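Pasting query00.cif here (mmCIF, N, CA and C atoms):
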```
data_model
#
loop_
_atom_site.label_atom_id
_atom_site.label_comp_id
_atom_site.auth_asym_id
_atom_site.auth_seq_id
_atom_site.Cartn_x
_atom_site.Cartn_y
_atom_site.Cartn_z
N MET B 29 72.61 66.08 139.01
CA MET B 29 72.84 67.35 139.69
C MET B 29 73.22 68.47 138.72
N PRO B 30 74.09 68.20 137.70
CA PRO B 30 74.43 69.27 136.76
C PRO B 30 73.21 69.79 136.00
N LEU B 31 72.23 68.92 135.73
CA LEU B 31 71.03 69.34 135.02
C LEU B 31 70.25 70.35 135.85
N ILE B 32 70.12 70.12 137.13
CA ILE B 32 69.41 71.05 138.01
C ILE B 32 70.15 72.39 138.06
N LYS B 33 71.45 72.34 138.14
CA LYS B 33 72.25 73.57 138.18
C LYS B 33 72.07 74.37 136.89
N LYS B 34 72.07 73.68 135.73
CA LYS B 34 71.85 74.36 134.45
C LYS B 34 70.47 74.99 134.40
N LEU B 35 69.47 74.26 134.88
CA LEU B 35 68.11 74.76 134.87
C LEU B 35 67.97 76.00 135.74
N ILE B 36 68.56 75.97 136.93
CA ILE B 36 68.52 77.13 137.83
C ILE B 36 69.23 78.31 137.19
N THR B 37 70.37 78.07 136.54
CA THR B 37 71.11 79.14 135.88
C THR B 37 70.30 79.76 134.76
N LYS B 38 69.59 78.93 133.99
CA LYS B 38 68.78 79.46 132.89
C LYS B 38 67.57 80.23 133.39
N LEU B 39 66.97 79.78 134.48
CA LEU B 39 65.75 80.42 134.99
C LEU B 39 66.04 81.69 135.80
N ARG B 40 67.27 81.82 136.26
CA ARG B 40 67.62 82.97 137.09
C ARG B 40 67.56 84.25 136.26
N PRO B 41 66.80 85.24 136.70
CA PRO B 41 66.73 86.50 135.95
C PRO B 41 68.10 87.16 135.85
N LYS B 42 68.32 87.83 134.73
CA LYS B 42 69.59 88.49 134.47
C LYS B 42 69.32 89.91 133.99
N GLY B 43 70.37 90.68 133.92
CA GLY B 43 70.27 92.01 133.33
C GLY B 43 70.53 93.11 134.35
N ILE B 44 70.66 94.30 133.81
CA ILE B 44 70.99 95.47 134.62
C ILE B 44 69.92 95.75 135.66
N LEU B 45 68.65 95.72 135.25
CA LEU B 45 67.57 96.04 136.19
C LEU B 45 67.48 95.00 137.30
N TRP B 46 67.66 93.73 136.97
CA TRP B 46 67.61 92.68 137.99
C TRP B 46 68.77 92.82 138.97
N GLU B 47 69.97 93.08 138.44
CA GLU B 47 71.13 93.27 139.32
C GLU B 47 70.88 94.43 140.27
N PHE B 48 70.35 95.51 139.72
CA PHE B 48 70.07 96.68 140.55
C PHE B 48 69.04 96.34 141.62
N PHE B 49 67.98 95.62 141.24
CA PHE B 49 66.95 95.24 142.19
C PHE B 49 67.55 94.45 143.36
N GLN B 50 68.40 93.49 143.05
CA GLN B 50 69.02 92.68 144.10
C GLN B 50 69.87 93.55 145.03
N ARG B 51 70.67 94.42 144.42
CA ARG B 51 71.55 95.27 145.24
C ARG B 51 70.74 96.24 146.09
N GLN B 52 69.67 96.78 145.53
CA GLN B 52 68.82 97.70 146.28
C GLN B 52 68.14 97.00 147.45
N LEU B 53 67.71 95.78 147.22
CA LEU B 53 67.05 95.03 148.28
C LEU B 53 68.00 94.77 149.44
N VAL B 54 69.22 94.34 149.13
CA VAL B 54 70.21 94.11 150.19
C VAL B 54 70.55 95.43 150.89
N GLY B 55 70.72 96.49 150.12
CA GLY B 55 71.02 97.80 150.70
C GLY B 55 69.89 98.30 151.59
N ALA B 56 68.66 98.08 151.16
CA ALA B 56 67.51 98.53 151.95
C ALA B 56 67.43 97.76 153.27
N LEU B 57 67.67 96.46 153.23
CA LEU B 57 67.65 95.68 154.47
C LEU B 57 68.76 96.11 155.41
N ALA B 58 69.94 96.37 154.86
CA ALA B 58 71.05 96.84 155.69
C ALA B 58 70.72 98.21 156.29
N ALA B 59 70.15 99.09 155.48
CA ALA B 59 69.77 100.42 155.98
C ALA B 59 68.71 100.30 157.07
N GLY B 60 67.76 99.39 156.89
CA GLY B 60 66.74 99.19 157.90
C GLY B 60 67.32 98.73 159.22
N LEU B 61 68.25 97.82 159.17
CA LEU B 61 68.89 97.35 160.40
C LEU B 61 69.72 98.45 161.06
N ILE B 62 70.42 99.22 160.26
CA ILE B 62 71.21 100.33 160.81
C ILE B 62 70.29 101.35 161.47
N ILE B 63 69.21 101.68 160.79
CA ILE B 63 68.24 102.64 161.36
C ILE B 63 67.65 102.09 162.65
N PHE B 64 67.29 100.81 162.63
CA PHE B 64 66.72 100.20 163.83
C PHE B 64 67.68 100.29 165.00
N PHE B 65 68.94 99.91 164.79
CA PHE B 65 69.90 99.94 165.90
C PHE B 65 70.21 101.36 166.35
N CYS B 66 70.24 102.30 165.43
CA CYS B 66 70.47 103.70 165.82
C CYS B 66 69.32 104.21 166.69
N ILE B 67 68.10 103.92 166.28
CA ILE B 67 66.94 104.36 167.07
C ILE B 67 66.89 103.61 168.40
N TYR B 68 67.22 102.34 168.36
CA TYR B 68 67.20 101.54 169.59
C TYR B 68 68.20 102.08 170.61
N LEU B 69 69.37 102.50 170.13
CA LEU B 69 70.38 103.06 171.04
C LEU B 69 69.99 104.44 171.56
N ILE B 70 69.28 105.21 170.74
CA ILE B 70 68.90 106.58 171.13
C ILE B 70 67.60 106.61 171.91
N TRP B 71 66.70 105.68 171.63
CA TRP B 71 65.35 105.69 172.20
C TRP B 71 65.43 105.63 173.73
N PRO B 72 64.72 106.56 174.40
CA PRO B 72 64.74 106.53 175.87
C PRO B 72 63.86 105.39 176.41
N GLY B 73 64.42 104.61 177.27
CA GLY B 73 63.64 103.53 177.91
C GLY B 73 63.45 102.36 176.98
N ASP B 74 62.48 101.53 177.34
CA ASP B 74 62.19 100.34 176.53
C ASP B 74 61.43 100.73 175.27
N MET B 75 61.82 100.11 174.20
CA MET B 75 61.15 100.38 172.93
C MET B 75 59.93 99.48 172.83
N ASP B 76 58.82 100.05 172.45
CA ASP B 76 57.58 99.31 172.26
C ASP B 76 57.76 98.34 171.08
N LEU B 77 57.23 97.14 171.21
CA LEU B 77 57.38 96.12 170.18
C LEU B 77 56.75 96.55 168.85
N GLU B 78 55.62 97.24 168.92
CA GLU B 78 54.97 97.69 167.69
C GLU B 78 55.81 98.74 166.96
N ILE B 79 56.42 99.63 167.72
CA ILE B 79 57.28 100.65 167.11
C ILE B 79 58.52 100.00 166.51
N ALA B 80 59.10 99.06 167.23
CA ALA B 80 60.29 98.37 166.73
C ALA B 80 59.97 97.62 165.44
N THR B 81 58.82 96.95 165.43
CA THR B 81 58.41 96.22 164.22
C THR B 81 58.20 97.17 163.06
N ALA B 82 57.54 98.30 163.32
CA ALA B 82 57.31 99.29 162.26
C ALA B 82 58.63 99.82 161.71
N ILE B 83 59.59 100.04 162.59
CA ILE B 83 60.90 100.55 162.14
C ILE B 83 61.63 99.48 161.34
N VAL B 84 61.64 98.25 161.84
CA VAL B 84 62.36 97.18 161.16
C VAL B 84 61.74 96.89 159.80
N LEU B 85 60.42 96.88 159.71
CA LEU B 85 59.77 96.58 158.44
C LEU B 85 59.62 97.80 157.54
N GLY B 86 59.41 98.95 158.15
CA GLY B 86 59.13 100.15 157.36
C GLY B 86 60.34 100.81 156.76
N SER B 87 61.42 100.91 157.51
CA SER B 87 62.57 101.64 156.99
C SER B 87 63.19 100.98 155.75
N PRO B 88 63.32 99.65 155.68
CA PRO B 88 63.84 99.08 154.42
C PRO B 88 62.91 99.33 153.24
N VAL B 89 61.61 99.29 153.51
CA VAL B 89 60.66 99.54 152.43
C VAL B 89 60.79 100.97 151.91
N VAL B 90 60.89 101.93 152.84
CA VAL B 90 61.03 103.33 152.45
C VAL B 90 62.34 103.54 151.68
N VAL B 91 63.43 102.99 152.20
CA VAL B 91 64.73 103.13 151.52
C VAL B 91 64.67 102.48 150.14
N PHE B 92 64.12 101.29 150.07
CA PHE B 92 64.05 100.56 148.80
C PHE B 92 63.21 101.33 147.78
N LEU B 93 62.02 101.74 148.16
CA LEU B 93 61.12 102.42 147.22
C LEU B 93 61.68 103.76 146.77
N SER B 94 62.23 104.52 147.69
CA SER B 94 62.74 105.84 147.31
C SER B 94 63.94 105.70 146.37
N SER B 95 64.82 104.77 146.64
CA SER B 95 65.97 104.62 145.75
C SER B 95 65.56 103.97 144.43
N TRP B 96 64.62 103.04 144.48
CA TRP B 96 64.19 102.38 143.25
C TRP B 96 63.54 103.37 142.29
N VAL B 97 62.67 104.22 142.83
CA VAL B 97 62.00 105.20 141.98
C VAL B 97 63.02 106.15 141.35
N SER B 98 63.99 106.57 142.12
CA SER B 98 64.96 107.53 141.58
C SER B 98 65.92 106.92 140.57
N TRP B 99 66.25 105.64 140.70
CA TRP B 99 67.23 105.02 139.81
C TRP B 99 66.63 104.24 138.66
N TYR B 100 65.36 103.85 138.77
CA TYR B 100 64.77 102.98 137.76
C TYR B 100 64.80 103.62 136.38
N LYS B 101 64.39 104.88 136.28
CA LYS B 101 64.35 105.56 134.99
C LYS B 101 65.76 105.63 134.38
N TYR B 102 66.74 105.94 135.20
CA TYR B 102 68.12 106.02 134.71
C TYR B 102 68.58 104.66 134.18
N LEU B 103 68.34 103.63 134.94
CA LEU B 103 68.79 102.29 134.54
C LEU B 103 68.04 101.77 133.32
N ARG B 104 66.75 102.09 133.22
CA ARG B 104 65.98 101.68 132.06
C ARG B 104 66.55 102.34 130.80
N ASN B 105 66.89 103.64 130.92
CA ASN B 105 67.48 104.36 129.80
C ASN B 105 68.84 103.78 129.44
N LEU B 106 69.62 103.43 130.44
CA LEU B 106 70.93 102.81 130.22
C LEU B 106 70.77 101.49 129.47
N LYS B 107 69.84 100.68 129.91
CA LYS B 107 69.59 99.39 129.27
C LYS B 107 69.14 99.58 127.83
N GLN B 108 68.28 100.56 127.57
CA GLN B 108 67.83 100.83 126.21
C GLN B 108 69.00 101.26 125.32
N SER B 109 69.89 102.08 125.86
CA SER B 109 71.05 102.52 125.09
C SER B 109 71.96 101.35 124.74
N ILE B 110 72.18 100.47 125.69
CA ILE B 110 73.03 99.31 125.45
C ILE B 110 72.38 98.38 124.42
N ASN B 111 71.08 98.16 124.54
CA ASN B 111 70.37 97.32 123.56
C ASN B 111 70.43 97.95 122.17
N TYR B 112 70.27 99.27 122.09
CA TYR B 112 70.34 99.99 120.82
C TYR B 112 71.72 99.81 120.18
N MET B 113 72.77 99.91 121.00
CA MET B 113 74.12 99.71 120.49
C MET B 113 74.32 98.27 120.02
N GLY B 114 73.73 97.33 120.71
CA GLY B 114 73.82 95.93 120.30
C GLY B 114 73.17 95.70 118.94
N ARG B 115 71.99 96.31 118.73
CA ARG B 115 71.32 96.20 117.43
C ARG B 115 72.15 96.88 116.34
N TYR B 116 72.77 98.00 116.67
CA TYR B 116 73.64 98.71 115.72
C TYR B 116 74.81 97.83 115.30
N ILE B 117 75.42 97.16 116.26
CA ILE B 117 76.56 96.27 115.97
C ILE B 117 76.11 95.10 115.09
N LEU B 118 74.92 94.56 115.35
CA LEU B 118 74.41 93.48 114.50
C LEU B 118 74.22 93.95 113.07
N GLU B 119 73.73 95.18 112.90
CA GLU B 119 73.56 95.74 111.55
C GLU B 119 74.92 95.90 110.87
N LEU B 120 75.93 96.32 111.62
CA LEU B 120 77.28 96.42 111.06
C LEU B 120 77.77 95.05 110.61
N LYS B 121 77.52 94.07 111.45
CA LYS B 121 77.94 92.71 111.14
C LYS B 121 77.29 92.21 109.84
N ARG B 122 76.06 92.63 109.60
CA ARG B 122 75.33 92.24 108.39
C ARG B 122 75.79 93.05 107.17
N GLY B 123 76.63 94.05 107.39
CA GLY B 123 77.14 94.85 106.28
C GLY B 123 76.39 96.14 106.05
N ASN B 124 75.43 96.46 106.89
CA ASN B 124 74.69 97.71 106.74
C ASN B 124 75.49 98.84 107.38
N LEU B 125 76.13 99.63 106.53
CA LEU B 125 76.97 100.72 107.02
C LEU B 125 76.27 102.07 106.97
N ASN B 126 75.00 102.08 106.59
CA ASN B 126 74.29 103.35 106.43
C ASN B 126 73.56 103.80 107.69
N ASN B 127 73.45 102.94 108.68
CA ASN B 127 72.78 103.35 109.92
C ASN B 127 73.62 104.37 110.66
N ARG B 128 72.95 105.18 111.41
CA ARG B 128 73.62 106.18 112.24
C ARG B 128 73.31 105.85 113.68
N LEU B 129 74.34 105.80 114.50
CA LEU B 129 74.16 105.54 115.93
C LEU B 129 73.87 106.88 116.60
N ASP B 130 72.68 107.00 117.15
CA ASP B 130 72.23 108.29 117.69
C ASP B 130 71.92 108.13 119.17
N ILE B 131 72.94 108.28 120.00
CA ILE B 131 72.77 108.16 121.45
C ILE B 131 73.06 109.51 122.07
N HIS B 132 72.14 109.98 122.89
CA HIS B 132 72.31 111.27 123.55
C HIS B 132 72.39 111.05 125.06
N ARG B 133 73.60 110.92 125.54
CA ARG B 133 73.84 110.73 126.96
C ARG B 133 75.06 111.55 127.34
N ASP B 134 75.33 111.63 128.60
CA ASP B 134 76.51 112.36 129.06
C ASP B 134 77.34 111.45 129.97
N ASP B 135 77.73 110.30 129.41
CA ASP B 135 78.47 109.33 130.21
C ASP B 135 79.32 108.45 129.31
N GLU B 136 79.82 107.35 129.85
CA GLU B 136 80.68 106.44 129.11
C GLU B 136 79.97 105.77 127.94
N ILE B 137 78.67 105.61 128.04
CA ILE B 137 77.90 105.01 126.95
C ILE B 137 77.97 105.93 125.72
N GLN B 138 77.89 107.22 125.94
CA GLN B 138 78.02 108.19 124.84
C GLN B 138 79.41 108.06 124.21
N ASP B 139 80.44 107.97 125.04
CA ASP B 139 81.81 107.81 124.53
C ASP B 139 81.94 106.53 123.71
N LEU B 140 81.37 105.46 124.20
CA LEU B 140 81.40 104.19 123.48
C LEU B 140 80.68 104.30 122.14
N GLY B 141 79.55 104.99 122.15
CA GLY B 141 78.80 105.20 120.90
C GLY B 141 79.62 105.99 119.89
N GLU B 142 80.33 107.02 120.37
CA GLU B 142 81.17 107.81 119.47
C GLU B 142 82.30 106.96 118.89
N ARG B 143 82.86 106.09 119.70
CA ARG B 143 83.92 105.19 119.20
C ARG B 143 83.38 104.23 118.15
N LEU B 144 82.15 103.75 118.37
CA LEU B 144 81.53 102.87 117.38
C LEU B 144 81.28 103.61 116.07
N GLU B 145 80.87 104.87 116.18
CA GLU B 145 80.67 105.70 114.98
C GLU B 145 81.99 105.87 114.23
N GLU B 146 83.08 106.13 114.95
CA GLU B 146 84.39 106.26 114.32
C GLU B 146 84.80 104.95 113.65
N LEU B 147 84.57 103.85 114.33
CA LEU B 147 84.88 102.53 113.77
C LEU B 147 84.09 102.30 112.49
N THR B 148 82.82 102.67 112.49
CA THR B 148 81.98 102.52 111.31
C THR B 148 82.50 103.38 110.17
N LYS B 149 82.88 104.61 110.48
CA LYS B 149 83.43 105.51 109.46
C LYS B 149 84.71 104.92 108.86
N ASP B 150 85.59 104.40 109.71
CA ASP B 150 86.83 103.76 109.22
C ASP B 150 86.51 102.55 108.36
N TYR B 151 85.54 101.77 108.79
CA TYR B 151 85.13 100.59 108.04
C TYR B 151 84.59 100.98 106.67
N LYS B 152 83.77 102.04 106.62
CA LYS B 152 83.24 102.53 105.35
C LYS B 152 84.37 102.94 104.41
N GLN B 153 85.37 103.62 104.95
CA GLN B 153 86.51 104.04 104.13
C GLN B 153 87.27 102.84 103.59
N GLN B 154 87.44 101.81 104.41
CA GLN B 154 88.13 100.61 103.96
C GLN B 154 87.34 99.90 102.86
N VAL B 155 86.02 99.87 103.02
CA VAL B 155 85.17 99.23 102.01
C VAL B 155 85.26 100.01 100.70
N ARG B 156 85.19 101.34 100.78
CA ARG B 156 85.31 102.16 99.56
C ARG B 156 86.66 101.95 98.88
N ALA B 157 87.72 101.93 99.68
CA ALA B 157 89.06 101.72 99.11
C ALA B 157 89.15 100.34 98.45
N SER B 158 88.57 99.33 99.08
CA SER B 158 88.57 97.98 98.50
C SER B 158 87.78 97.95 97.21
N GLN B 159 86.63 98.62 97.19
CA GLN B 159 85.82 98.67 95.97
C GLN B 159 86.56 99.39 94.85
N LYS B 160 87.27 100.45 95.19
CA LYS B 160 88.05 101.19 94.20
C LYS B 160 89.13 100.29 93.60
N LYS B 161 89.83 99.54 94.48
CA LYS B 161 90.86 98.62 94.00
C LYS B 161 90.27 97.53 93.11
N ILE B 162 89.12 97.01 93.48
CA ILE B 162 88.45 95.98 92.68
C ILE B 162 88.12 96.54 91.31
N ASN B 163 87.57 97.76 91.26
CA ASN B 163 87.23 98.38 89.98
C ASN B 163 88.48 98.62 89.13
N GLU B 164 89.57 99.08 89.77
CA GLU B 164 90.83 99.28 89.04
C GLU B 164 91.34 97.97 88.48
N ASN B 165 91.27 96.92 89.28
CA ASN B 165 91.72 95.60 88.81
C ASN B 165 90.85 95.09 87.65
N LYS B 166 89.54 95.34 87.73
CA LYS B 166 88.65 94.95 86.64
C LYS B 166 89.06 95.66 85.36
N ASP B 167 89.35 96.97 85.48
CA ASP B 167 89.77 97.74 84.30
C ASP B 167 91.07 97.19 83.72
N LEU B 168 92.02 96.88 84.60
CA LEU B 168 93.31 96.34 84.15
C LEU B 168 93.11 95.00 83.44
N ILE B 169 92.26 94.16 84.01
CA ILE B 169 92.00 92.85 83.40
C ILE B 169 91.33 93.04 82.04
N ALA B 170 90.36 93.96 81.95
CA ALA B 170 89.67 94.21 80.70
C ALA B 170 90.64 94.74 79.65
N ARG B 171 91.55 95.64 80.02
CA ARG B 171 92.54 96.16 79.09
C ARG B 171 93.50 95.05 78.63
N ALA B 172 93.89 94.22 79.59
CA ALA B 172 94.81 93.13 79.25
C ALA B 172 94.14 92.16 78.28
N GLU B 173 92.86 91.87 78.47
CA GLU B 173 92.15 90.96 77.58
C GLU B 173 91.99 91.56 76.19
N ARG B 174 91.78 92.88 76.11
CA ARG B 174 91.62 93.54 74.81
C ARG B 174 92.94 93.57 74.04
N SER B 175 94.03 93.69 74.78
CA SER B 175 95.33 93.78 74.10
C SER B 175 95.82 92.43 73.60
N CYS B 176 95.28 91.35 74.10
CA CYS B 176 95.71 90.02 73.65
C CYS B 176 95.11 89.61 72.36
#
```
Take the structure from the file and write it as structure tokens.
Amino acid sequence: MPLIKKLITKLRPKGILWEFFQRQLVGALAAGLIIFFCIYLIWPGDMDLEIATAIVLGSPVVVFLSSWVSWYKYLRNLKQSINYMGRYILELKRGNLNNRLDIHRDDEIQDLGERLEELTKDYKQQVRASQKKINENKDLIARAERSC
């Protein structure tokens, strides 16, 4: 049984876009039911089965598509920014301090990027200070060896 659970966990799609898709689908179905019941309560007389079916099936589709189209571009850009920051962090981990994190957003991701830039700047200063100390120590050692 644990093997099946692991397999399902690995095969299950993940990520921002997938999470959004799931939430939008549930929201669209809920909106469709709410719309259906509102129309059912307002509709004079008996509701025709074809109209009820069109409302139940159509309204979630309309809600889902309209919200998906409007949010997809935003979420795709968000995902790209996060992936870009992840690659930037990997480069820092490898010791590449010359990259510049260039994110142009007006949200928390921008703030996070600026903090990463500050962290990189501080790290560069620490590396320079360490290199300066190493060079000073080399000079001291060389002088000490010459004086002996």
Inset, instruction - Would you write out, as an NGL selection string, every residue that the PyMOL selection byres ((chain B and resi 106-114) around 8) captures in this file? - result: :B and (44-45 or 100-105 or 115-120 or 129-132 or 137 or 141)
Inset, instruction - Take CA of Val89 in chain B and CA of Ala56 in chain B and report the distance between them in Å, one decimal. - result: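 One can read the CA of Val89 in chain B to CA of Ala56 in chain B distance as 6.9 Å.
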Legend entry - DSSP alpha helix (DSSP H) residues within range 32-175 of chain B, as a ChimeraX atom specification: /B:32-39,44-70,77-121,136-175
